[in-house]
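Q: File data17.tsv follows (TSV, N, CA and C atoms):
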```tsv
chain	number	residue	atom	x	y	z
A	1	MET	N	-20.98	-8.70	18.03
A	1	MET	CA	-20.28	-7.44	18.24
A	1	MET	C	-18.81	-7.68	18.53
A	2	ALA	N	-18.51	-8.66	19.37
A	2	ALA	CA	-17.12	-8.94	19.72
A	2	ALA	C	-16.33	-9.40	18.50
A	3	LYS	N	-17.02	-10.16	17.63
A	3	LYS	CA	-16.35	-10.61	16.41
A	3	LYS	C	-16.01	-9.42	15.52
A	4	HIS	N	-16.93	-8.45	15.44
A	4	HIS	CA	-16.69	-7.25	14.65
A	4	HIS	C	-15.49	-6.48	15.20
A	5	LYS	N	-15.39	-6.37	16.53
A	5	LYS	CA	-14.27	-5.65	17.15
A	5	LYS	C	-12.96	-6.35	16.86
A	6	ARG	N	-12.95	-7.68	16.94
A	6	ARG	CA	-11.72	-8.41	16.66
A	6	ARG	C	-11.30	-8.24	15.21
A	7	GLY	N	-12.27	-8.24	14.31
A	7	GLY	CA	-11.95	-8.03	12.90
A	7	GLY	C	-11.36	-6.65	12.66
A	8	TRP	N	-11.90	-5.66	13.34
A	8	TRP	CA	-11.39	-4.30	13.21
A	8	TRP	C	-9.97	-4.21	13.76
A	9	LEU	N	-9.72	-4.83	14.91
A	9	LEU	CA	-8.38	-4.81	15.49
A	9	LEU	C	-7.38	-5.57	14.61
A	10	ARG	N	-7.83	-6.67	14.05
A	10	ARG	CA	-6.95	-7.44	13.16
A	10	ARG	C	-6.58	-6.60	11.95
A	11	GLU	N	-7.56	-5.90	11.37
A	11	GLU	CA	-7.29	-5.05	10.22
A	11	GLU	C	-6.36	-3.89	10.59
A	12	LEU	N	-6.54	-3.33	11.78
A	12	LEU	CA	-5.66	-2.27	12.25
A	12	LEU	C	-4.22	-2.79	12.37
A	13	GLY	N	-4.07	-3.99	12.88
A	13	GLY	CA	-2.74	-4.59	13.00
A	13	GLY	C	-2.10	-4.80	11.64
A	14	ARG	N	-2.88	-5.25	10.67
A	14	ARG	CA	-2.35	-5.44	9.31
A	14	ARG	C	-1.90	-4.12	8.71
A	15	GLU	N	-2.74	-3.10	8.85
A	15	GLU	CA	-2.39	-1.79	8.29
A	15	GLU	C	-1.16	-1.20	8.98
A	16	THR	N	-1.03	-1.42	10.27
A	16	THR	CA	0.15	-0.94	11.00
A	16	THR	C	1.41	-1.64	10.49
A	17	ALA	N	1.31	-2.95	10.27
A	17	ALA	CA	2.46	-3.69	9.75
A	17	ALA	C	2.82	-3.21	8.35
A	18	ARG	N	1.81	-2.97	7.52
A	18	ARG	CA	2.09	-2.46	6.17
A	18	ARG	C	2.75	-1.09	6.22
A	19	ALA	N	2.26	-0.24	7.10
A	19	ALA	CA	2.83	1.11	7.20
A	19	ALA	C	4.25	1.08	7.75
A	20	SER	N	4.54	0.13	8.63
A	20	SER	CA	5.89	0.06	9.19
A	20	SER	C	6.90	-0.39	8.14
A	21	THR	N	6.48	-1.13	7.14
A	21	THR	CA	7.40	-1.55	6.08
A	21	THR	C	7.63	-0.44	5.07
A	22	LEU	N	6.78	0.59	5.11
A	22	LEU	CA	6.88	1.68	4.15
A	22	LEU	C	8.23	2.39	4.22
A	23	GLY	N	8.72	2.63	5.41
A	23	GLY	CA	10.03	3.27	5.57
A	23	GLY	C	11.16	2.44	4.98
A	24	TRP	N	11.08	1.15	5.20
A	24	TRP	CA	12.10	0.26	4.63
A	24	TRP	C	12.03	0.25	3.11
A	25	GLU	N	10.83	0.31	2.57
A	25	GLU	CA	10.68	0.29	1.12
A	25	GLU	C	11.27	1.53	0.47
A	26	LEU	N	11.36	2.61	1.20
A	26	LEU	CA	11.98	3.82	0.69
A	26	LEU	C	13.48	3.85	0.98
A	27	ALA	N	13.86	3.51	2.19
A	27	ALA	CA	15.25	3.67	2.61
A	27	ALA	C	16.19	2.59	2.07
A	28	LEU	N	15.73	1.36	1.99
A	28	LEU	CA	16.61	0.27	1.60
A	28	LEU	C	17.17	0.41	0.19
A	29	PRO	N	16.36	0.72	-0.83
A	29	PRO	CA	16.95	0.89	-2.17
A	29	PRO	C	17.96	2.04	-2.23
A	30	ILE	N	17.71	3.10	-1.48
A	30	ILE	CA	18.64	4.23	-1.48
A	30	ILE	C	19.96	3.80	-0.84
A	31	PHE	N	19.87	3.15	0.30
A	31	PHE	CA	21.07	2.70	1.00
A	31	PHE	C	21.86	1.71	0.16
A	32	MET	N	21.16	0.76	-0.45
A	32	MET	CA	21.85	-0.24	-1.26
A	32	MET	C	22.49	0.40	-2.49
A	33	GLY	N	21.83	1.39	-3.08
A	33	GLY	CA	22.41	2.09	-4.23
A	33	GLY	C	23.69	2.82	-3.86
A	34	VAL	N	23.68	3.51	-2.72
A	34	VAL	CA	24.88	4.22	-2.28
A	34	VAL	C	26.00	3.23	-1.94
A	35	LEU	N	25.64	2.16	-1.26
A	35	LEU	CA	26.63	1.15	-0.88
A	35	LEU	C	27.28	0.51	-2.11
A	36	LEU	N	26.46	0.09	-3.06
A	36	LEU	CA	26.99	-0.53	-4.27
A	36	LEU	C	27.78	0.49	-5.10
A	37	GLY	N	27.29	1.72	-5.19
A	37	GLY	CA	28.01	2.76	-5.92
A	37	GLY	C	29.36	3.07	-5.31
A	38	TYR	N	29.41	3.14	-3.99
A	38	TYR	CA	30.67	3.39	-3.30
A	38	TYR	C	31.65	2.26	-3.57
A	39	TYR	N	31.16	1.03	-3.49
A	39	TYR	CA	32.03	-0.13	-3.75
A	39	TYR	C	32.57	-0.08	-5.18
A	40	LEU	N	31.70	0.19	-6.14
A	40	LEU	CA	32.16	0.25	-7.54
A	40	LEU	C	33.13	1.40	-7.76
A	41	ASP	N	32.89	2.54	-7.15
A	41	ASP	CA	33.82	3.66	-7.28
A	41	ASP	C	35.19	3.31	-6.72
A	42	ARG	N	35.22	2.61	-5.60
A	42	ARG	CA	36.49	2.18	-5.01
A	42	ARG	C	37.21	1.18	-5.90
A	43	GLN	N	36.48	0.23	-6.44
A	43	GLN	CA	37.08	-0.81	-7.26
A	43	GLN	C	37.57	-0.28	-8.61
A	44	LEU	N	36.85	0.65	-9.19
A	44	LEU	CA	37.17	1.15	-10.52
A	44	LEU	C	37.98	2.44	-10.50
A	45	GLY	N	38.19	3.00	-9.33
A	45	GLY	CA	39.00	4.20	-9.21
A	45	GLY	C	38.30	5.46	-9.68
A	46	THR	N	37.03	5.44	-9.79
A	46	THR	CA	36.30	6.65	-10.17
A	46	THR	C	35.98	7.44	-8.90
A	47	LYS	N	35.70	8.71	-9.05
A	47	LYS	CA	35.46	9.53	-7.86
A	47	LYS	C	34.11	9.19	-7.24
A	48	TYR	N	33.02	9.79	-7.74
A	48	TYR	CA	31.70	9.55	-7.17
A	48	TYR	C	30.68	9.22	-8.26
A	49	THR	N	31.15	8.78	-9.39
A	49	THR	CA	30.27	8.54	-10.53
A	49	THR	C	29.19	7.51	-10.20
A	50	PHE	N	29.60	6.34	-9.77
A	50	PHE	CA	28.65	5.27	-9.49
A	50	PHE	C	27.85	5.55	-8.23
A	51	THR	N	28.47	6.18	-7.25
A	51	THR	CA	27.75	6.49	-6.02
A	51	THR	C	26.57	7.40	-6.31
A	52	ILE	N	26.80	8.47	-7.06
A	52	ILE	CA	25.73	9.40	-7.37
A	52	ILE	C	24.70	8.76	-8.30
A	53	GLY	N	25.20	8.04	-9.31
A	53	GLY	CA	24.28	7.39	-10.25
A	53	GLY	C	23.37	6.37	-9.57
A	54	LEU	N	23.96	5.54	-8.74
A	54	LEU	CA	23.16	4.52	-8.06
A	54	LEU	C	22.33	5.11	-6.91
A	55	LEU	N	22.78	6.23	-6.36
A	55	LEU	CA	21.95	6.95	-5.39
A	55	LEU	C	20.66	7.41	-6.07
A	56	MET	N	20.79	7.99	-7.25
A	56	MET	CA	19.61	8.44	-8.00
A	56	MET	C	18.71	7.25	-8.36
A	57	ALA	N	19.32	6.16	-8.78
A	57	ALA	CA	18.53	4.96	-9.11
A	57	ALA	C	17.81	4.44	-7.85
A	58	GLY	N	18.49	4.47	-6.71
A	58	GLY	CA	17.88	4.03	-5.46
A	58	GLY	C	16.73	4.93	-5.04
A	59	ILE	N	16.88	6.23	-5.24
A	59	ILE	CA	15.80	7.16	-4.93
A	59	ILE	C	14.60	6.87	-5.84
A	60	GLY	N	14.88	6.65	-7.11
A	60	GLY	CA	13.80	6.32	-8.05
A	60	GLY	C	13.10	5.02	-7.66
A	61	ALA	N	13.88	4.01	-7.31
A	61	ALA	CA	13.30	2.73	-6.91
A	61	ALA	C	12.50	2.86	-5.61
A	62	GLY	N	13.00	3.65	-4.68
A	62	GLY	CA	12.29	3.85	-3.42
A	62	GLY	C	10.96	4.55	-3.62
A	63	PHE	N	10.94	5.59	-4.45
A	63	PHE	CA	9.69	6.29	-4.69
A	63	PHE	C	8.72	5.45	-5.52
A	64	TYR	N	9.26	4.61	-6.40
A	64	TYR	CA	8.39	3.67	-7.12
A	64	TYR	C	7.73	2.71	-6.13
A	65	ASN	N	8.49	2.24	-5.14
A	65	ASN	CA	7.92	1.36	-4.12
A	65	ASN	C	6.80	2.06	-3.35
A	66	ILE	N	7.00	3.33	-3.01
A	66	ILE	CA	5.98	4.09	-2.30
A	66	ILE	C	4.74	4.27	-3.17
A	67	TRP	N	4.93	4.60	-4.44
A	67	TRP	CA	3.82	4.77	-5.37
A	67	TRP	C	3.05	3.46	-5.53
A	68	SER	N	3.77	2.36	-5.65
A	68	SER	CA	3.14	1.05	-5.78
A	68	SER	C	2.33	0.71	-4.53
A	69	PHE	N	2.88	1.01	-3.36
A	69	PHE	CA	2.18	0.77	-2.10
A	69	PHE	C	0.89	1.58	-2.04
A	70	ALA	N	1.00	2.86	-2.40
A	70	ALA	CA	-0.19	3.73	-2.38
A	70	ALA	C	-1.23	3.25	-3.38
A	71	SER	N	-0.80	2.77	-4.53
A	71	SER	CA	-1.74	2.26	-5.53
A	71	SER	C	-2.47	1.02	-5.03
A	72	ARG	N	-1.77	0.14	-4.33
A	72	ARG	CA	-2.41	-1.05	-3.77
A	72	ARG	C	-3.44	-0.66	-2.72
A	73	ILE	N	-3.10	0.30	-1.87
A	73	ILE	CA	-4.03	0.76	-0.84
A	73	ILE	C	-5.26	1.38	-1.49
A	74	ASP	N	-5.05	2.20	-2.53
A	74	ASP	CA	-6.16	2.84	-3.22
A	74	ASP	C	-7.07	1.80	-3.87
A	75	ALA	N	-6.49	0.80	-4.52
A	75	ALA	CA	-7.29	-0.24	-5.15
A	75	ALA	C	-8.09	-1.02	-4.11
A	76	ARG	N	-7.47	-1.30	-2.97
A	76	ARG	CA	-8.18	-2.02	-1.91
A	76	ARG	C	-9.35	-1.19	-1.38
A	77	GLN	N	-9.14	0.11	-1.21
A	77	GLN	CA	-10.20	0.98	-0.73
A	77	GLN	C	-11.35	1.06	-1.74
A	78	LYS	N	-11.03	1.12	-3.04
A	78	LYS	CA	-12.07	1.15	-4.06
A	78	LYS	C	-12.89	-0.13	-4.04
A	79	ARG	N	-12.22	-1.28	-3.89
A	79	ARG	CA	-12.95	-2.56	-3.82
A	79	ARG	C	-13.87	-2.59	-2.62
A	80	LEU	N	-13.40	-2.10	-1.47
A	80	LEU	CA	-14.24	-2.08	-0.27
A	80	LEU	C	-15.44	-1.16	-0.45
A	81	ARG	N	-15.24	0.01	-1.07
A	81	ARG	CA	-16.36	0.93	-1.30
A	81	ARG	C	-17.40	0.30	-2.23
A	82	GLU	N	-16.92	-0.36	-3.29
A	82	GLU	CA	-17.84	-1.01	-4.22
A	82	GLU	C	-18.60	-2.14	-3.53
A	83	LYS	N	-17.92	-2.87	-2.69
A	83	LYS	CA	-18.58	-3.96	-1.96
A	83	LYS	C	-19.65	-3.41	-1.03
A	84	ARG	N	-19.33	-2.33	-0.32
A	84	ARG	CA	-20.32	-1.71	0.58
A	84	ARG	C	-21.53	-1.19	-0.19
A	85	ARG	N	-21.27	-0.55	-1.34
A	85	ARG	CA	-22.38	-0.05	-2.15
A	85	ARG	C	-23.28	-1.18	-2.62
A	86	ALA	N	-22.65	-2.29	-3.05
A	86	ALA	CA	-23.44	-3.43	-3.50
A	86	ALA	C	-24.26	-4.01	-2.35
A	87	GLU	N	-23.66	-4.09	-1.16
A	87	GLU	CA	-24.39	-4.59	0.00
A	87	GLU	C	-25.55	-3.66	0.37
A	88	GLU	N	-25.29	-2.35	0.32
A	88	GLU	CA	-26.34	-1.39	0.63
A	88	GLU	C	-27.46	-1.45	-0.40
A	89	ALA	N	-27.09	-1.61	-1.68
A	89	ALA	CA	-28.11	-1.70	-2.73
A	89	ALA	C	-28.94	-2.97	-2.54
A	90	ALA	N	-28.28	-4.06	-2.19
A	90	ALA	CA	-29.01	-5.31	-1.96
A	90	ALA	C	-29.93	-5.17	-0.75
A	91	ALA	N	-29.45	-4.51	0.29
A	91	ALA	CA	-30.26	-4.33	1.49
A	91	ALA	C	-31.44	-3.41	1.21
A	92	SER	N	-31.22	-2.34	0.46
A	92	SER	CA	-32.33	-1.44	0.16
A	92	SER	C	-33.31	-2.10	-0.79
A	93	GLY	N	-32.83	-2.95	-1.67
A	93	GLY	CA	-33.72	-3.71	-2.55
A	93	GLY	C	-34.59	-4.66	-1.76
A	94	ALA	N	-34.03	-5.29	-0.74
A	94	ALA	CA	-34.80	-6.18	0.13
A	94	ALA	C	-35.83	-5.38	0.91
A	95	ASP	N	-35.46	-4.18	1.36
A	95	ASP	CA	-36.40	-3.33	2.09
A	95	ASP	C	-37.56	-2.90	1.18
A	96	ASP	N	-37.26	-2.58	-0.08
A	96	ASP	CA	-38.29	-2.19	-1.04
A	96	ASP	C	-39.26	-3.34	-1.28
A	97	ASN	N	-38.72	-4.56	-1.39
A	97	ASN	CA	-39.57	-5.73	-1.59
A	97	ASN	C	-40.49	-5.95	-0.39
A	98	ASP	N	-39.97	-5.76	0.81
A	98	ASP	CA	-40.77	-5.91	2.03
A	98	ASP	C	-41.90	-4.87	2.05
A	99	ALA	N	-41.59	-3.64	1.67
A	99	ALA	CA	-42.60	-2.57	1.66
A	99	ALA	C	-43.67	-2.87	0.62
A	100	ARG	N	-43.28	-3.38	-0.54
A	100	ARG	CA	-44.25	-3.72	-1.59
A	100	ARG	C	-45.19	-4.83	-1.12
A	101	GLN	N	-44.63	-5.82	-0.44
A	101	GLN	CA	-45.47	-6.93	0.04
A	101	GLN	C	-46.45	-6.45	1.10
A	102	GLU	N	-46.05	-5.49	1.92
A	102	GLU	CA	-46.95	-4.96	2.94
A	102	GLU	C	-48.10	-4.20	2.32
A	103	LEU	N	-47.87	-3.53	1.17
A	103	LEU	CA	-48.90	-2.77	0.51
A	103	LEU	C	-49.95	-3.69	-0.11
A	104	ARG	N	-49.59	-4.88	-0.46
A	104	ARG	CA	-50.53	-5.80	-1.10
A	104	ARG	C	-51.45	-6.33	-0.12
```
So that I can check it, write out the structure of this file as structure tokens.

A:
Amino acid sequence: MAKHKRGWLRELGRETARASTLGWELALPIFMGVLLGYYLDRQLGTKYTFTIGLLMAGIGAGFYNIWSFASRIDARQKRLREKRRAEEAAASGADDNDARQELR
């Protein structure tokens, strides 16, 4: 039982760490896009062309990161569900075999 609790707490810690990086995965590309766009606008003498363009690119990259994160979580959850179903099927198959042997 204690081992099960530690495994659950370890998994909770991993999920918390993954969730805490989620904000950075959204904010960092946006910030870097604005920063690089501002620098290029200053260097090239343009008004806000690169700032706005790279802001949009950063927003796109940030949301792609979020979508990718959600896809990984979804795939992991599907694998866990399939594993549980297989374990339950194996356990129920063993129970059926035990019941058949008792009938004989």

Q: Quick one, how far is atom N of A:Thr51 from atom C of A:Asn65?

A: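 For atom N of A:Thr51 relative to atom C of A:Asn65, the distance reads 22.4 Å.
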
Q: Compare A:Gly58, A:Ala86, A:Ala17, A:Ile66 by their minimum atom-to-atom distance to A:Ile30, counting all atoms listed in the file, and give me the closest one.

A: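 Ranked by minimum distance to A:Ile30, first place goes to A:Gly58.
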
Q: Determine the nearest neighbour of A:Ile59 from the options A:Gln43, A:Asp74, A:Ala91, A:Leu26, counting only N, CA and C atoms.

A: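 Once distances to A:Ile59 are computed over only N, CA and C atoms, the minimum belongs to A:Leu26.
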
Q: Would you work out the distance separating atom CA of A:Met56 from atom CA of A:Pro29, expressed in Å to one decimal?

A: 9.9 Å
